[in-house]
Amino acid sequence: MKIVIELPSWIGDTVMTTPAIDNIVCHFNKIEITIIGSFLPVETLKHHPNVVKTKVLTKNYKSLYKFAKSLGQFDIYFSFRSSFRSRILKLFISSNNKYQFKRNKYLNYHQVEKYNDFINDSLNANLIAGKLKVHYNLSKSLDKSMPIVGINPGASYGEAKRWYPKEFAKVASKLSSCYNILIIGGPNEEDIAKDIENLLVNKGVFNYQNLAGKTSIEELLGYISNLDLFITGDSGPMHLAASFQIPTIS
């Protein structure tokens, strides 16, 4: 059974598809999955044991037909996106069975359940959503002389949902006597992470490491999976931590 899956645009939403994807695997047992989507979501799920191929979508509408035909023939196509571009892509995918998530059909409950219900409706099944689960191959070595608290100042949609650097630094400083501190974030969070770092130094705290803008998704997975506590905004890394059952304050 060959299946192609289009992932959501965001890392957090992608993590929340994982119970539904695992239920696809359980339903068919022996399957080969090709995942397509934006770069970061594809990187997040590329090590799923049933994924045999990954391909990154471009934003160019003119290339959609060529992209779809380059994938080959599939038994089933699932799209976890409901955008206009995804509806166009669906027309070009070579498969006799195509299913697309409809945002307006699934309302007023958790995104994990929405995605899982979409798969249940598509397969005429009644599978229960399990835990979030992200697979990775890269382990990171960290100083475990003390427990490690991760500080992630970034948040979805930028500054509107961010906590202040001084507040993150205040909490990290309080915890520094019993936790080593790991500051993480993407390229867009380097400035706010540097602000936190400077505030920690001013408070005499030096048992920290600032990795903002310095990690790939695969490296980030390795770091987050080793944390003992995570303090974060509403973000993709928040959902990654949830997939590893890391105690999290968001």
# chains A, B, ... in the order shown; residues from 1 in each chain; ligands from 1
$ residues_around --residues "A:Leu64" --least-positions-apart "6" --cutoff "10 Å" --atoms "only C-alpha atoms" --output "VMD selection string"
chain A and resid 57 to 58 70 85 to 86 88 to 93
$ select_by_dssp --residues "stretch 58-239 of chain A" --states "alpha helix (DSSP H)" --output "VMD selection string"
chain A and resid 64 to 71 84 to 92 111 to 123 165 to 175 190 to 202 217 to 224 236 to 239
$ residues_around --residues "A:Lys214" --least-positions-apart "5" --cutoff "12 Å" --atoms "only C-alpha atoms" --output "list in words"
Ile183, Ile184, Gly185, Gly186, Pro187, Asn188, Glu189, Glu190, Ala193, Gln209, Glu219, Leu220 and Tyr223 of chain A
$ select_by_dssp --residues "stretch 32-150 of chain A" --states "strand (DSSP E or B)" --output "PyMOL selection string"
chain A and resi 32-37+51-56+73-74+76-79+94-95+98-100+148-150
$ residues_around --residues "A:Ile36" --least-positions-apart "6" --cutoff "9 Å" --atoms "only C-alpha atoms" --output "list of chain:residue names"
A:Val4, A:Ile5, A:Glu6, A:Leu7, A:Val42, A:Lys53, A:Thr54, A:Lys55, A:Val56, A:Leu57
$ residues_around --residues "stretch 165-172 of chain A" --least-positions-apart "2" --cutoff "10 Å" --atoms "only C-alpha atoms" --output "JSON, numbers by chain"
{"A": [149, 150, 151, 152, 153, 162, 163, 174, 175, 176, 177, 179, 180, 181, 182, 183, 191, 192, 193, 194, 195, 196, 197, 198, 199, 200, 201, 203, 205, 208, 231, 232]}
$ residues_around --residues "A:His135" --least-positions-apart "4" --cutoff "10 Å" --atoms "only C-alpha atoms" --output "ChimeraX atom specification"
/A:44-49,218,221-222,243-244
$ write_last_selection --atoms "all heavy atoms" --output "PDB file, in the first residue's frame"
ATOM      1  N   THR A  44      10.439  17.478  10.349  1.00  0.00           N
ATOM      2  CA  THR A  44       9.968  17.011  11.658  1.00  0.00           C
ATOM      3  C   THR A  44       9.560  15.547  11.625  1.00  0.00           C
ATOM      4  O   THR A  44       9.801  14.800  12.577  1.00  0.00           O
ATOM      5  CB  THR A  44       8.790  17.877  12.128  1.00  0.00           C
ATOM      6  OG1 THR A  44       9.205  19.244  12.211  1.00  0.00           O
ATOM      7  CG2 THR A  44       8.281  17.437  13.493  1.00  0.00           C
ATOM      8  N   LEU A  45       8.948  15.106  10.521  1.00  0.00           N
ATOM      9  CA  LEU A  45       8.398  13.739  10.477  1.00  0.00           C
ATOM     10  C   LEU A  45       9.162  12.786   9.561  1.00  0.00           C
ATOM     11  O   LEU A  45       8.728  11.652   9.365  1.00  0.00           O
ATOM     12  CB  LEU A  45       6.927  13.779  10.039  1.00  0.00           C
ATOM     13  CG  LEU A  45       5.925  14.436  10.984  1.00  0.00           C
ATOM     14  CD1 LEU A  45       4.497  14.053  10.589  1.00  0.00           C
ATOM     15  CD2 LEU A  45       6.170  14.054  12.435  1.00  0.00           C
ATOM     16  N   LYS A  46      10.296  13.220   9.050  1.00  0.00           N
ATOM     17  CA  LYS A  46      10.967  12.399   8.036  1.00  0.00           C
ATOM     18  C   LYS A  46      11.502  11.068   8.572  1.00  0.00           C
ATOM     19  O   LYS A  46      11.757  10.147   7.795  1.00  0.00           O
ATOM     20  CB  LYS A  46      12.103  13.181   7.379  1.00  0.00           C
ATOM     21  CG  LYS A  46      13.298  13.455   8.274  1.00  0.00           C
ATOM     22  CD  LYS A  46      14.362  14.239   7.499  1.00  0.00           C
ATOM     23  CE  LYS A  46      15.602  14.484   8.344  1.00  0.00           C
ATOM     24  NZ  LYS A  46      16.632  15.247   7.578  1.00  0.00           N
ATOM     25  N   HIS A  47      11.650  10.952   9.903  1.00  0.00           N
ATOM     26  CA  HIS A  47      12.176   9.701  10.457  1.00  0.00           C
ATOM     27  C   HIS A  47      11.082   8.747  10.944  1.00  0.00           C
ATOM     28  O   HIS A  47      11.389   7.746  11.609  1.00  0.00           O
ATOM     29  CB  HIS A  47      13.148   9.999  11.605  1.00  0.00           C
ATOM     30  CG  HIS A  47      14.440  10.605  11.133  1.00  0.00           C
ATOM     31  ND1 HIS A  47      15.276   9.979  10.236  1.00  0.00           N
ATOM     32  CD2 HIS A  47      15.026  11.807  11.425  1.00  0.00           C
ATOM     33  CE1 HIS A  47      16.326  10.738  10.003  1.00  0.00           C
ATOM     34  NE2 HIS A  47      16.198  11.855  10.708  1.00  0.00           N
ATOM     35  N   HIS A  48       9.836   9.043  10.627  1.00  0.00           N
ATOM     36  CA  HIS A  48       8.783   8.064  10.944  1.00  0.00           C
ATOM     37  C   HIS A  48       9.128   6.740  10.269  1.00  0.00           C
ATOM     38  O   HIS A  48       9.533   6.710   9.101  1.00  0.00           O
ATOM     39  CB  HIS A  48       7.430   8.580  10.433  1.00  0.00           C
ATOM     40  CG  HIS A  48       6.265   7.754  10.886  1.00  0.00           C
ATOM     41  ND1 HIS A  48       5.989   6.503  10.363  1.00  0.00           N
ATOM     42  CD2 HIS A  48       5.308   7.993  11.818  1.00  0.00           C
ATOM     43  CE1 HIS A  48       4.908   6.013  10.952  1.00  0.00           C
ATOM     44  NE2 HIS A  48       4.485   6.894  11.835  1.00  0.00           N
ATOM     45  N   PRO A  49       8.991   5.630  10.978  1.00  0.00           N
ATOM     46  CA  PRO A  49       9.452   4.340  10.434  1.00  0.00           C
ATOM     47  C   PRO A  49       8.767   3.907   9.140  1.00  0.00           C
ATOM     48  O   PRO A  49       9.318   3.073   8.407  1.00  0.00           O
ATOM     49  CB  PRO A  49       9.161   3.349  11.566  1.00  0.00           C
ATOM     50  CG  PRO A  49       8.230   4.042  12.498  1.00  0.00           C
ATOM     51  CD  PRO A  49       8.507   5.502  12.366  1.00  0.00           C
ATOM     52  N   GLU A 218      16.328  18.558  13.293  1.00  0.00           N
ATOM     53  CA  GLU A 218      16.763  17.266  13.834  1.00  0.00           C
ATOM     54  C   GLU A 218      17.569  17.458  15.121  1.00  0.00           C
ATOM     55  O   GLU A 218      17.392  16.726  16.095  1.00  0.00           O
ATOM     56  CB  GLU A 218      17.593  16.517  12.797  1.00  0.00           C
ATOM     57  CG  GLU A 218      17.815  15.062  13.139  1.00  0.00           C
ATOM     58  CD  GLU A 218      18.239  14.239  11.945  1.00  0.00           C
ATOM     59  OE1 GLU A 218      18.471  14.824  10.880  1.00  0.00           O
ATOM     60  OE2 GLU A 218      18.333  13.014  12.089  1.00  0.00           O
ATOM     61  N   LEU A 221      15.206  18.436  17.973  1.00  0.00           N
ATOM     62  CA  LEU A 221      14.528  17.264  18.536  1.00  0.00           C
ATOM     63  C   LEU A 221      15.416  16.571  19.565  1.00  0.00           C
ATOM     64  O   LEU A 221      14.950  16.165  20.630  1.00  0.00           O
ATOM     65  CB  LEU A 221      14.150  16.283  17.417  1.00  0.00           C
ATOM     66  CG  LEU A 221      13.069  16.726  16.438  1.00  0.00           C
ATOM     67  CD1 LEU A 221      12.981  15.745  15.276  1.00  0.00           C
ATOM     68  CD2 LEU A 221      11.724  16.841  17.129  1.00  0.00           C
ATOM     69  N   GLY A 222      16.692  16.439  19.237  1.00  0.00           N
ATOM     70  CA  GLY A 222      17.622  15.793  20.157  1.00  0.00           C
ATOM     71  C   GLY A 222      17.767  16.555  21.459  1.00  0.00           C
ATOM     72  O   GLY A 222      17.833  15.958  22.541  1.00  0.00           O
ATOM     73  N   SER A 243       5.356  15.840  22.529  1.00  0.00           N
ATOM     74  CA  SER A 243       5.535  14.514  21.907  1.00  0.00           C
ATOM     75  C   SER A 243       6.553  13.664  22.656  1.00  0.00           C
ATOM     76  O   SER A 243       6.536  12.438  22.549  1.00  0.00           O
ATOM     77  CB  SER A 243       5.955  14.669  20.442  1.00  0.00           C
ATOM     78  OG  SER A 243       7.314  15.068  20.334  1.00  0.00           O
ATOM     79  N   PHE A 244       7.438  14.298  23.422  1.00  0.00           N
ATOM     80  CA  PHE A 244       8.405  13.566  24.238  1.00  0.00           C
ATOM     81  C   PHE A 244       7.997  13.499  25.702  1.00  0.00           C
ATOM     82  O   PHE A 244       8.788  13.074  26.558  1.00  0.00           O
ATOM     83  CB  PHE A 244       9.786  14.227  24.121  1.00  0.00           C
ATOM     84  CG  PHE A 244      10.374  14.209  22.741  1.00  0.00           C
ATOM     85  CD1 PHE A 244      10.713  15.389  22.110  1.00  0.00           C
ATOM     86  CD2 PHE A 244      10.558  13.013  22.059  1.00  0.00           C
ATOM     87  CE1 PHE A 244      11.253  15.384  20.826  1.00  0.00           C
ATOM     88  CE2 PHE A 244      11.080  12.988  20.782  1.00  0.00           C
ATOM     89  CZ  PHE A 244      11.436  14.185  20.156  1.00  0.00           C
TER      90      PHE A 244
END
$ closest_residue --among "A:Leu142, A:Ser235, A:Ile128, A:Arg87" --to "A:Tyr61" --atoms "only C-alpha atoms"
A:Arg87
$ closest_residue --among "A:Val52, A:Leu132, A:Met1, A:Ile217" --to "A:Ile24" --atoms "only C-alpha atoms"
A:Met1
$ atom_distance --atom1 "atom CA of A:Asn124" --atom2 "atom CA of A:His27"
10.4 Å
$ closest_residue --among "A:Lys144, A:His110, A:Lys102, A:Lys2" --to "A:Ile35" --atoms "only C-alpha atoms"
A:Lys2
$ closest_residue --among "A:Asp121, A:Lys30, A:Ile3, A:Asn50" --to "A:Leu71" --atoms "only C-alpha atoms"
A:Ile3
$ decode --residues "stretch 215-243 of chain A" --atoms "N, CA, C and O atoms" --output "JSON list (two decimals), in the first residue's frame"
[["chain", "number", "residue", "atom", "x", "y", "z"],
["A", 215, "THR", "N", 20.46, 25.58, 15.49],
["A", 215, "THR", "CA", 20.13, 24.15, 15.40],
["A", 215, "THR", "C", 19.24, 23.86, 14.20],
["A", 215, "THR", "O", 18.40, 24.68, 13.81],
["A", 216, "SER", "N", 19.43, 22.71, 13.62],
["A", 216, "SER", "CA", 18.48, 22.19, 12.65],
["A", 216, "SER", "C", 17.28, 21.62, 13.40],
["A", 216, "SER", "O", 17.31, 21.48, 14.64],
["A", 217, "ILE", "N", 16.22, 21.27, 12.68],
["A", 217, "ILE", "CA", 15.07, 20.63, 13.34],
["A", 217, "ILE", "C", 15.50, 19.32, 13.98],
["A", 217, "ILE", "O", 15.11, 19.01, 15.12],
["A", 218, "GLU", "N", 16.33, 18.56, 13.29],
["A", 218, "GLU", "CA", 16.76, 17.27, 13.83],
["A", 218, "GLU", "C", 17.57, 17.46, 15.12],
["A", 218, "GLU", "O", 17.39, 16.73, 16.09],
["A", 219, "GLU", "N", 18.45, 18.47, 15.14],
["A", 219, "GLU", "CA", 19.21, 18.76, 16.36],
["A", 219, "GLU", "C", 18.28, 19.25, 17.47],
["A", 219, "GLU", "O", 18.45, 18.87, 18.64],
["A", 220, "LEU", "N", 17.30, 20.08, 17.10],
["A", 220, "LEU", "CA", 16.35, 20.58, 18.09],
["A", 220, "LEU", "C", 15.60, 19.43, 18.76],
["A", 220, "LEU", "O", 15.39, 19.44, 19.98],
["A", 221, "LEU", "N", 15.21, 18.44, 17.97],
["A", 221, "LEU", "CA", 14.53, 17.26, 18.54],
["A", 221, "LEU", "C", 15.42, 16.57, 19.56],
["A", 221, "LEU", "O", 14.95, 16.17, 20.63],
["A", 222, "GLY", "N", 16.69, 16.44, 19.24],
["A", 222, "GLY", "CA", 17.62, 15.79, 20.16],
["A", 222, "GLY", "C", 17.77, 16.55, 21.46],
["A", 222, "GLY", "O", 17.83, 15.96, 22.54],
["A", 223, "TYR", "N", 17.81, 17.88, 21.37],
["A", 223, "TYR", "CA", 17.94, 18.70, 22.58],
["A", 223, "TYR", "C", 16.67, 18.65, 23.42],
["A", 223, "TYR", "O", 16.71, 18.44, 24.64],
["A", 224, "ILE", "N", 15.53, 18.88, 22.79],
["A", 224, "ILE", "CA", 14.27, 18.94, 23.55],
["A", 224, "ILE", "C", 13.98, 17.61, 24.24],
["A", 224, "ILE", "O", 13.50, 17.59, 25.37],
["A", 225, "SER", "N", 14.29, 16.51, 23.58],
["A", 225, "SER", "CA", 14.02, 15.19, 24.16],
["A", 225, "SER", "C", 14.82, 14.94, 25.43],
["A", 225, "SER", "O", 14.49, 14.05, 26.22],
["A", 226, "ASN", "N", 15.89, 15.72, 25.64],
["A", 226, "ASN", "CA", 16.76, 15.54, 26.83],
["A", 226, "ASN", "C", 16.41, 16.47, 27.97],
["A", 226, "ASN", "O", 17.06, 16.44, 29.02],
["A", 227, "LEU", "N", 15.40, 17.33, 27.80],
["A", 227, "LEU", "CA", 15.07, 18.30, 28.84],
["A", 227, "LEU", "C", 14.34, 17.64, 30.01],
["A", 227, "LEU", "O", 13.68, 16.63, 29.87],
["A", 228, "ASP", "N", 14.47, 18.27, 31.16],
["A", 228, "ASP", "CA", 13.72, 17.86, 32.35],
["A", 228, "ASP", "C", 12.53, 18.78, 32.59],
["A", 228, "ASP", "O", 11.58, 18.41, 33.28],
["A", 229, "LEU", "N", 12.59, 19.99, 32.04],
["A", 229, "LEU", "CA", 11.51, 20.97, 32.17],
["A", 229, "LEU", "C", 11.62, 21.91, 30.99],
["A", 229, "LEU", "O", 12.73, 22.22, 30.52],
["A", 230, "PHE", "N", 10.46, 22.37, 30.48],
["A", 230, "PHE", "CA", 10.45, 23.26, 29.32],
["A", 230, "PHE", "C", 9.54, 24.44, 29.62],
["A", 230, "PHE", "O", 8.39, 24.26, 30.02],
["A", 231, "ILE", "N", 10.05, 25.65, 29.42],
["A", 231, "ILE", "CA", 9.27, 26.87, 29.61],
["A", 231, "ILE", "C", 9.24, 27.58, 28.26],
["A", 231, "ILE", "O", 10.29, 27.94, 27.71],
["A", 232, "THR", "N", 8.05, 27.80, 27.72],
["A", 232, "THR", "CA", 7.94, 28.18, 26.32],
["A", 232, "THR", "C", 6.69, 28.99, 26.04],
["A", 232, "THR", "O", 5.74, 28.96, 26.82],
["A", 233, "GLY", "N", 6.70, 29.70, 24.92],
["A", 233, "GLY", "CA", 5.47, 30.27, 24.40],
["A", 233, "GLY", "C", 4.73, 29.24, 23.58],
["A", 233, "GLY", "O", 5.18, 28.10, 23.42],
["A", 234, "ASP", "N", 3.56, 29.63, 23.08],
["A", 234, "ASP", "CA", 2.76, 28.76, 22.20],
["A", 234, "ASP", "C", 3.50, 28.65, 20.87],
["A", 234, "ASP", "O", 3.55, 29.59, 20.09],
["A", 235, "SER", "N", 4.10, 27.48, 20.62],
["A", 235, "SER", "CA", 5.05, 27.38, 19.51],
["A", 235, "SER", "C", 5.19, 25.94, 19.04],
["A", 235, "SER", "O", 4.70, 25.00, 19.69],
["A", 236, "GLY", "N", 5.89, 25.76, 17.92],
["A", 236, "GLY", "CA", 6.20, 24.42, 17.45],
["A", 236, "GLY", "C", 7.00, 23.62, 18.46],
["A", 236, "GLY", "O", 6.66, 22.46, 18.74],
["A", 237, "PRO", "N", 8.07, 24.19, 19.05],
["A", 237, "PRO", "CA", 8.81, 23.45, 20.07],
["A", 237, "PRO", "C", 7.97, 23.03, 21.25],
["A", 237, "PRO", "O", 8.23, 21.98, 21.86],
["A", 238, "MET", "N", 6.93, 23.80, 21.60],
["A", 238, "MET", "CA", 6.02, 23.38, 22.67],
["A", 238, "MET", "C", 5.38, 22.04, 22.34],
["A", 238, "MET", "O", 5.28, 21.14, 23.18],
["A", 239, "HIS", "N", 4.95, 21.88, 21.08],
["A", 239, "HIS", "CA", 4.33, 20.62, 20.67],
["A", 239, "HIS", "C", 5.36, 19.49, 20.56],
["A", 239, "HIS", "O", 5.06, 18.34, 20.86],
["A", 240, "LEU", "N", 6.59, 19.84, 20.16],
["A", 240, "LEU", "CA", 7.64, 18.82, 20.13],
["A", 240, "LEU", "C", 7.89, 18.29, 21.54],
["A", 240, "LEU", "O", 8.04, 17.09, 21.74],
["A", 241, "ALA", "N", 7.94, 19.19, 22.51],
["A", 241, "ALA", "CA", 8.13, 18.76, 23.91],
["A", 241, "ALA", "C", 7.00, 17.86, 24.36],
["A", 241, "ALA", "O", 7.22, 16.86, 25.06],
["A", 242, "ALA", "N", 5.78, 18.18, 23.95],
["A", 242, "ALA", "CA", 4.64, 17.34, 24.30],
["A", 242, "ALA", "C", 4.79, 15.94, 23.72],
["A", 242, "ALA", "O", 4.41, 14.95, 24.36],
["A", 243, "SER", "N", 5.36, 15.84, 22.53],
["A", 243, "SER", "CA", 5.53, 14.51, 21.91],
["A", 243, "SER", "C", 6.55, 13.66, 22.66],
["A", 243, "SER", "O", 6.54, 12.44, 22.55]]
